[in-house]
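Asks: File protein_38.pdb below, PDB, C-alpha atoms and all ligand atoms:
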```pdb
MODEL        1
ATOM      1  CA  MET A  28     -29.920   4.835 -25.022  1.00  0.00           C
ATOM      2  CA  VAL A  29     -28.771   5.225 -21.484  1.00  0.00           C
ATOM      3  CA  GLN A  30     -28.426   2.117 -19.420  1.00  0.00           C
ATOM      4  CA  VAL A  31     -29.275   2.649 -15.790  1.00  0.00           C
ATOM      5  CA  GLY A  32     -26.697   1.136 -13.505  1.00  0.00           C
ATOM      6  CA  MET A  33     -23.908   1.563 -16.008  1.00  0.00           C
ATOM      7  CA  PHE A  34     -22.732   4.697 -14.327  1.00  0.00           C
ATOM      8  CA  ASP A  35     -22.044   3.429 -10.861  1.00  0.00           C
ATOM      9  CA  LYS A  36     -19.096   1.549 -12.330  1.00  0.00           C
ATOM     10  CA  VAL A  37     -17.478   4.642 -13.758  1.00  0.00           C
ATOM     11  CA  CYS A  38     -15.908   7.069 -11.322  1.00  0.00           C
ATOM     12  CA  SER A  39     -17.610  10.446 -11.581  1.00  0.00           C
ATOM     13  CA  VAL A  40     -14.417  12.152 -10.451  1.00  0.00           C
ATOM     14  CA  CYS A  41     -11.755  10.730 -12.741  1.00  0.00           C
ATOM     15  CA  GLY A  42     -13.787   8.610 -15.155  1.00  0.00           C
ATOM     16  CA  LYS A  43     -12.011   5.396 -14.234  1.00  0.00           C
ATOM     17  CA  ALA A  44     -14.079   2.274 -14.869  1.00  0.00           C
ATOM     18  CA  LEU A  45     -14.214  -0.219 -12.024  1.00  0.00           C
ATOM     19  CA  SER A  46     -15.194  -3.840 -12.267  1.00  0.00           C
ATOM     20  CA  SER A  47     -17.534  -3.928  -9.299  1.00  0.00           C
ATOM     21  CA  LYS A  48     -19.512  -1.692  -7.040  1.00  0.00           C
ATOM     22  CA  SER A  49     -17.332  -2.508  -4.044  1.00  0.00           C
ATOM     23  CA  SER A  50     -14.150  -1.600  -5.885  1.00  0.00           C
ATOM     24  CA  MET A  51     -15.877   1.585  -6.965  1.00  0.00           C
ATOM     25  CA  LEU A  52     -16.642   2.474  -3.373  1.00  0.00           C
ATOM     26  CA  ARG A  53     -13.031   1.842  -2.419  1.00  0.00           C
ATOM     27  CA  HIS A  54     -11.837   3.847  -5.389  1.00  0.00           C
ATOM     28  CA  LYS A  55     -14.029   6.819  -4.499  1.00  0.00           C
ATOM     29  CA  ASN A  56     -12.531   6.827  -1.031  1.00  0.00           C
ATOM     30  CA  LEU A  57      -9.209   7.724  -2.652  1.00  0.00           C
ATOM     31  CA  HIS A  58     -10.708  10.941  -3.961  1.00  0.00           C
ATOM     32  CA  LEU A  59     -12.206  11.687  -0.592  1.00  0.00           C
ATOM     33  CA  GLY A  60      -8.900  11.104   1.141  1.00  0.00           C
ATOM     34  CA  ILE A  61     -10.293   8.094   2.934  1.00  0.00           C
ATOM     35  CA  TYR A  62      -8.046   5.088   2.862  1.00  0.00           C
ATOM     36  CA  SER A  63      -9.167   1.501   2.681  1.00  0.00           C
ATOM     37  CA  TYR A  64      -6.398   0.233   4.918  1.00  0.00           C
ATOM     38  CA  ASN A  65      -5.747   1.880   8.220  1.00  0.00           C
ATOM     39  CA  CYS A  66      -2.943   1.095  10.593  1.00  0.00           C
ATOM     40  CA  SER A  67      -4.417  -0.360  13.766  1.00  0.00           C
ATOM     41  CA  VAL A  68      -1.567   1.081  15.799  1.00  0.00           C
ATOM     42  CA  CYS A  69      -1.279   4.714  14.724  1.00  0.00           C
ATOM     43  CA  GLY A  70      -4.271   5.088  12.431  1.00  0.00           C
ATOM     44  CA  LYS A  71      -2.285   6.110   9.363  1.00  0.00           C
ATOM     45  CA  GLY A  72      -4.210   5.319   6.193  1.00  0.00           C
ATOM     46  CA  PHE A  73      -3.033   3.518   3.109  1.00  0.00           C
ATOM     47  CA  SER A  74      -4.683   3.020  -0.223  1.00  0.00           C
ATOM     48  CA  THR A  75      -3.127  -0.402  -0.748  1.00  0.00           C
ATOM     49  CA  LYS A  76      -2.608  -3.461   1.420  1.00  0.00           C
ATOM     50  CA  ASP A  77       1.072  -3.510   0.498  1.00  0.00           C
ATOM     51  CA  GLY A  78       1.462   0.052   1.654  1.00  0.00           C
ATOM     52  CA  LEU A  79      -0.040  -0.836   5.007  1.00  0.00           C
ATOM     53  CA  SER A  80       1.972  -4.023   5.495  1.00  0.00           C
ATOM     54  CA  GLY A  81       5.169  -2.122   4.650  1.00  0.00           C
ATOM     55  CA  HIS A  82       4.232   0.445   7.244  1.00  0.00           C
ATOM     56  CA  MET A  83       3.308  -2.187   9.832  1.00  0.00           C
ATOM     57  CA  SER A  84       6.880  -3.472   9.835  1.00  0.00           C
ATOM     58  CA  TRP A  85       7.695  -0.204  11.587  1.00  0.00           C
ATOM     59  CA  HIS A  86       5.504  -1.139  14.525  1.00  0.00           C
ATOM     60  CA  THR A  87       6.283  -4.827  14.610  1.00  0.00           C
ATOM     61  CA  GLY A  88      10.012  -4.189  14.338  1.00  0.00           C
ATOM     62  CA  THR A  89      10.354  -6.591  11.436  1.00  0.00           C
ATOM     63  CA  LYS A  90      13.769  -6.207   9.966  1.00  0.00           C
ATOM     64  CA  LEU A  91      15.478  -7.342   6.828  1.00  0.00           C
ATOM     65  CA  PRO A  92      18.402  -9.655   7.501  1.00  0.00           C
ATOM     66  CA  CYS A  93      21.451  -9.811   5.265  1.00  0.00           C
ATOM     67  CA  PRO A  94      21.369 -13.323   3.783  1.00  0.00           C
ATOM     68  CA  VAL A  95      25.141 -13.563   4.095  1.00  0.00           C
ATOM     69  CA  CYS A  96      26.031 -12.282   7.583  1.00  0.00           C
ATOM     70  CA  GLN A  97      22.513 -12.030   9.139  1.00  0.00           C
ATOM     71  CA  LYS A  98      23.011  -8.407  10.134  1.00  0.00           C
ATOM     72  CA  GLN A  99      19.588  -6.792  10.296  1.00  0.00           C
ATOM     73  CA  PHE A 100      18.364  -3.689   8.573  1.00  0.00           C
ATOM     74  CA  ARG A 101      15.225  -1.660   8.833  1.00  0.00           C
ATOM     75  CA  TYR A 102      15.218  -0.479   5.268  1.00  0.00           C
ATOM     76  CA  LYS A 103      15.829  -2.372   2.093  1.00  0.00           C
ATOM     77  CA  VAL A 104      18.081   0.435   0.845  1.00  0.00           C
ATOM     78  CA  ASP A 105      20.275   0.019   3.930  1.00  0.00           C
ATOM     79  CA  LEU A 106      20.570  -3.694   3.292  1.00  0.00           C
ATOM     80  CA  LEU A 107      21.467  -3.068  -0.334  1.00  0.00           C
ATOM     81  CA  LYS A 108      24.026  -0.465   0.728  1.00  0.00           C
ATOM     82  CA  HIS A 109      25.484  -2.883   3.280  1.00  0.00           C
ATOM     83  CA  ARG A 110      25.823  -5.654   0.715  1.00  0.00           C
ATOM     84  CA  LYS A 111      27.549  -3.243  -1.634  1.00  0.00           C
ATOM     85  CA  VAL A 112      29.953  -2.038   1.045  1.00  0.00           C
ATOM     86  CA  MET A 113      30.711  -5.563   2.273  1.00  0.00           C
ATOM     87  CA  ALA A 114      30.867  -6.840  -1.304  1.00  0.00           C
ATOM     88  CA  HIS A 115      28.715  -9.827  -0.462  1.00  0.00           C
TER      89      HIS A 115
HETATM   90 ZN    ZN B   1     -11.785   8.202  -9.643  1.00  0.00          ZN
HETATM   91 ZN    ZN B   2       1.115   2.823  12.096  1.00  0.00          ZN
HETATM   92 ZN    ZN B   3      25.979  -8.833   5.364  1.00  0.00          ZN
ENDMDL
END
```
Can you give me the file's structure in the form of structure tokens?
Ligand SMILES: [Zn+2]
Ligand SMILES: [Zn+2]
Ligand SMILES: [Zn+2]
Replies:
Amino acid sequence: MVQVGMFDKVCSVCGKALSSKSSMLRHKNLHLGIYSYNCSVCGKGFSTKDGLSGHMSWHTGTKLPCPVCQKQFRYKVDLLKHRKVMAH
């Protein structure tokens, strides 16, 4: 027995089951290369909100300060490197 409506919750591309129709629509966009989150500044698309907010720090100039000496870094790896070099 085939239940009508059951199939719009399973992705026809990869077979992934989604909990709702809206998450299915968002999921299908991934296969189409359409991103759910677009940067309002440069238009770059991201599949996750975290990806977009990480990218937005580029435009807003948000930097990561060293908790010890307050020196600011653009990338987390640079901050980690700094703390290693300064041994603090
Ligand atoms: Zn899929
Ligand atoms: Zn951007
Ligand atoms: Zn420091």
Asks: List every residue of chain A that has an atom at most 10 Å from any atom of ligand ZN 1 (chain B), and for each one report the closest atom pair and its distance in Å to one decimal, counting all atoms listed in the file, with rows sorted by chain and then by increasing residue number, as a tab-separated table.
Replies:
```
residue	atom	partner	partner_atom	distance
A:Val37	CA	B:ZN1	ZN	7.9
A:Cys38	CA	B:ZN1	ZN	4.6
A:Ser39	CA	B:ZN1	ZN	6.5
A:Val40	CA	B:ZN1	ZN	4.8
A:Cys41	CA	B:ZN1	ZN	4.0
A:Gly42	CA	B:ZN1	ZN	5.9
A:Lys43	CA	B:ZN1	ZN	5.4
A:Ala44	CA	B:ZN1	ZN	8.2
A:Leu45	CA	B:ZN1	ZN	9.1
A:Met51	CA	B:ZN1	ZN	8.2
A:Leu52	CA	B:ZN1	ZN	9.8
A:Arg53	CA	B:ZN1	ZN	9.7
A:His54	CA	B:ZN1	ZN	6.1
A:Lys55	CA	B:ZN1	ZN	5.8
A:Asn56	CA	B:ZN1	ZN	8.8
A:Leu57	CA	B:ZN1	ZN	7.5
A:His58	CA	B:ZN1	ZN	6.4
A:Leu59	CA	B:ZN1	ZN	9.7
```
Asks: Give as JSON, numbers by chain the residues that the PyMOL selection byres (((not hetatm)) within 6 of (chain B and resi 2)) matches when applied to the coordinates above.
Replies: {"A": [66, 68, 69, 70, 71, 83]}
Asks: Convert the output of the PyMOL selection byres (((not hetatm)) within 12 of (chain B and resi 3)) on the shown file into explicit residues, formatted as a CSV table (one decimal) with C-alpha atoms, in the coordinates of the input.
Replies:
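Generated output (selection_18.csv):
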```csv
chain,number,residue,atom,x,y,z
A,91,LEU,CA,15.5,-7.3,6.8
A,92,PRO,CA,18.4,-9.7,7.5
A,93,CYS,CA,21.5,-9.8,5.3
A,94,PRO,CA,21.4,-13.3,3.8
A,95,VAL,CA,25.1,-13.6,4.1
A,96,CYS,CA,26.0,-12.3,7.6
A,97,GLN,CA,22.5,-12.0,9.1
A,98,LYS,CA,23.0,-8.4,10.1
A,99,GLN,CA,19.6,-6.8,10.3
A,100,PHE,CA,18.4,-3.7,8.6
A,105,ASP,CA,20.3,0.0,3.9
A,106,LEU,CA,20.6,-3.7,3.3
A,107,LEU,CA,21.5,-3.1,-0.3
A,108,LYS,CA,24.0,-0.5,0.7
A,109,HIS,CA,25.5,-2.9,3.3
A,110,ARG,CA,25.8,-5.7,0.7
A,111,LYS,CA,27.5,-3.2,-1.6
A,112,VAL,CA,30.0,-2.0,1.0
A,113,MET,CA,30.7,-5.6,2.3
A,114,ALA,CA,30.9,-6.8,-1.3
A,115,HIS,CA,28.7,-9.8,-0.5
```
Asks: Go through A:Gly81, A:Thr87, A:Ser50, A:Ser74 one by one, measure the shortest atom-to-atom distance of each to A:Tyr102 using only C-alpha atoms, and give the residue with the smallest value.
Replies: A:Gly81
Asks: Spell out the residues picked by the PyMOL selection byres (((chain A and resi 73) around 10) and not hetatm) here, as a list of chain:residue names.
Replies: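 On this input, the PyMOL selection byres (((chain A and resi 73) around 10) and not hetatm) captures A:Leu57, A:Gly60, A:Ile61, A:Tyr62, A:Ser63, A:Tyr64, A:Asn65, A:Cys66, A:Gly70, A:Lys71, A:Gly72, A:Ser74, A:Thr75, A:Lys76, A:Asp77, A:Gly78, A:Leu79, A:Ser80, A:His82.
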Asks: Build an axis-aligned box that encloses every atom of stretch 93-105 of chain A listed in the file, pad it by 4 Å on each side, and report its centre and edge lengths in Å to one decimal, as AutoDock Vina command-line options.
Replies:
```
--center_x 20.6 --center_y -6.6 --center_z 5.6 --size_x 18.8 --size_y 22.0 --size_z 17.5
```
Asks: Fix up stretch 92-103 of chain A with N, CA and C atoms, then write it as a PDB file, keeping the file's coordinate frame.
Replies:
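Once written, part11.pdb looks like this:
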```pdb
ATOM      1  N   PRO A  92      17.067  -9.150   7.228  1.00  0.00           N
ATOM      2  CA  PRO A  92      18.402  -9.655   7.501  1.00  0.00           C
ATOM      3  C   PRO A  92      19.239  -9.810   6.228  1.00  0.00           C
ATOM      4  N   CYS A  93      20.535  -9.566   6.375  1.00  0.00           N
ATOM      5  CA  CYS A  93      21.451  -9.811   5.265  1.00  0.00           C
ATOM      6  C   CYS A  93      21.560 -11.337   5.119  1.00  0.00           C
ATOM      7  N   PRO A  94      21.315 -11.866   3.952  1.00  0.00           N
ATOM      8  CA  PRO A  94      21.369 -13.323   3.783  1.00  0.00           C
ATOM      9  C   PRO A  94      22.762 -13.908   3.975  1.00  0.00           C
ATOM     10  N   VAL A  95      23.768 -13.073   3.953  1.00  0.00           N
ATOM     11  CA  VAL A  95      25.141 -13.563   4.095  1.00  0.00           C
ATOM     12  C   VAL A  95      25.617 -13.538   5.548  1.00  0.00           C
ATOM     13  N   CYS A  96      25.505 -12.388   6.215  1.00  0.00           N
ATOM     14  CA  CYS A  96      26.031 -12.282   7.583  1.00  0.00           C
ATOM     15  C   CYS A  96      24.941 -12.131   8.646  1.00  0.00           C
ATOM     16  N   GLN A  97      23.672 -12.117   8.232  1.00  0.00           N
ATOM     17  CA  GLN A  97      22.513 -12.030   9.139  1.00  0.00           C
ATOM     18  C   GLN A  97      22.356 -10.696   9.863  1.00  0.00           C
ATOM     19  N   LYS A  98      23.168  -9.727   9.538  1.00  0.00           N
ATOM     20  CA  LYS A  98      23.011  -8.407  10.134  1.00  0.00           C
ATOM     21  C   LYS A  98      21.650  -7.878   9.694  1.00  0.00           C
ATOM     22  N   GLN A  99      20.940  -7.216  10.626  1.00  0.00           N
ATOM     23  CA  GLN A  99      19.588  -6.792  10.296  1.00  0.00           C
ATOM     24  C   GLN A  99      19.472  -5.317   9.967  1.00  0.00           C
ATOM     25  N   PHE A 100      18.575  -5.053   9.032  1.00  0.00           N
ATOM     26  CA  PHE A 100      18.364  -3.689   8.573  1.00  0.00           C
ATOM     27  C   PHE A 100      16.894  -3.349   8.554  1.00  0.00           C
ATOM     28  N   ARG A 101      16.623  -2.100   8.820  1.00  0.00           N
ATOM     29  CA  ARG A 101      15.225  -1.660   8.833  1.00  0.00           C
ATOM     30  C   ARG A 101      14.744  -1.371   7.402  1.00  0.00           C
ATOM     31  N   TYR A 102      15.612  -0.823   6.622  1.00  0.00           N
ATOM     32  CA  TYR A 102      15.218  -0.479   5.268  1.00  0.00           C
ATOM     33  C   TYR A 102      15.955  -1.329   4.242  1.00  0.00           C
ATOM     34  N   LYS A 103      15.242  -1.596   3.177  1.00  0.00           N
ATOM     35  CA  LYS A 103      15.829  -2.372   2.093  1.00  0.00           C
ATOM     36  C   LYS A 103      17.047  -1.647   1.497  1.00  0.00           C
TER      37      LYS A 103
END
```
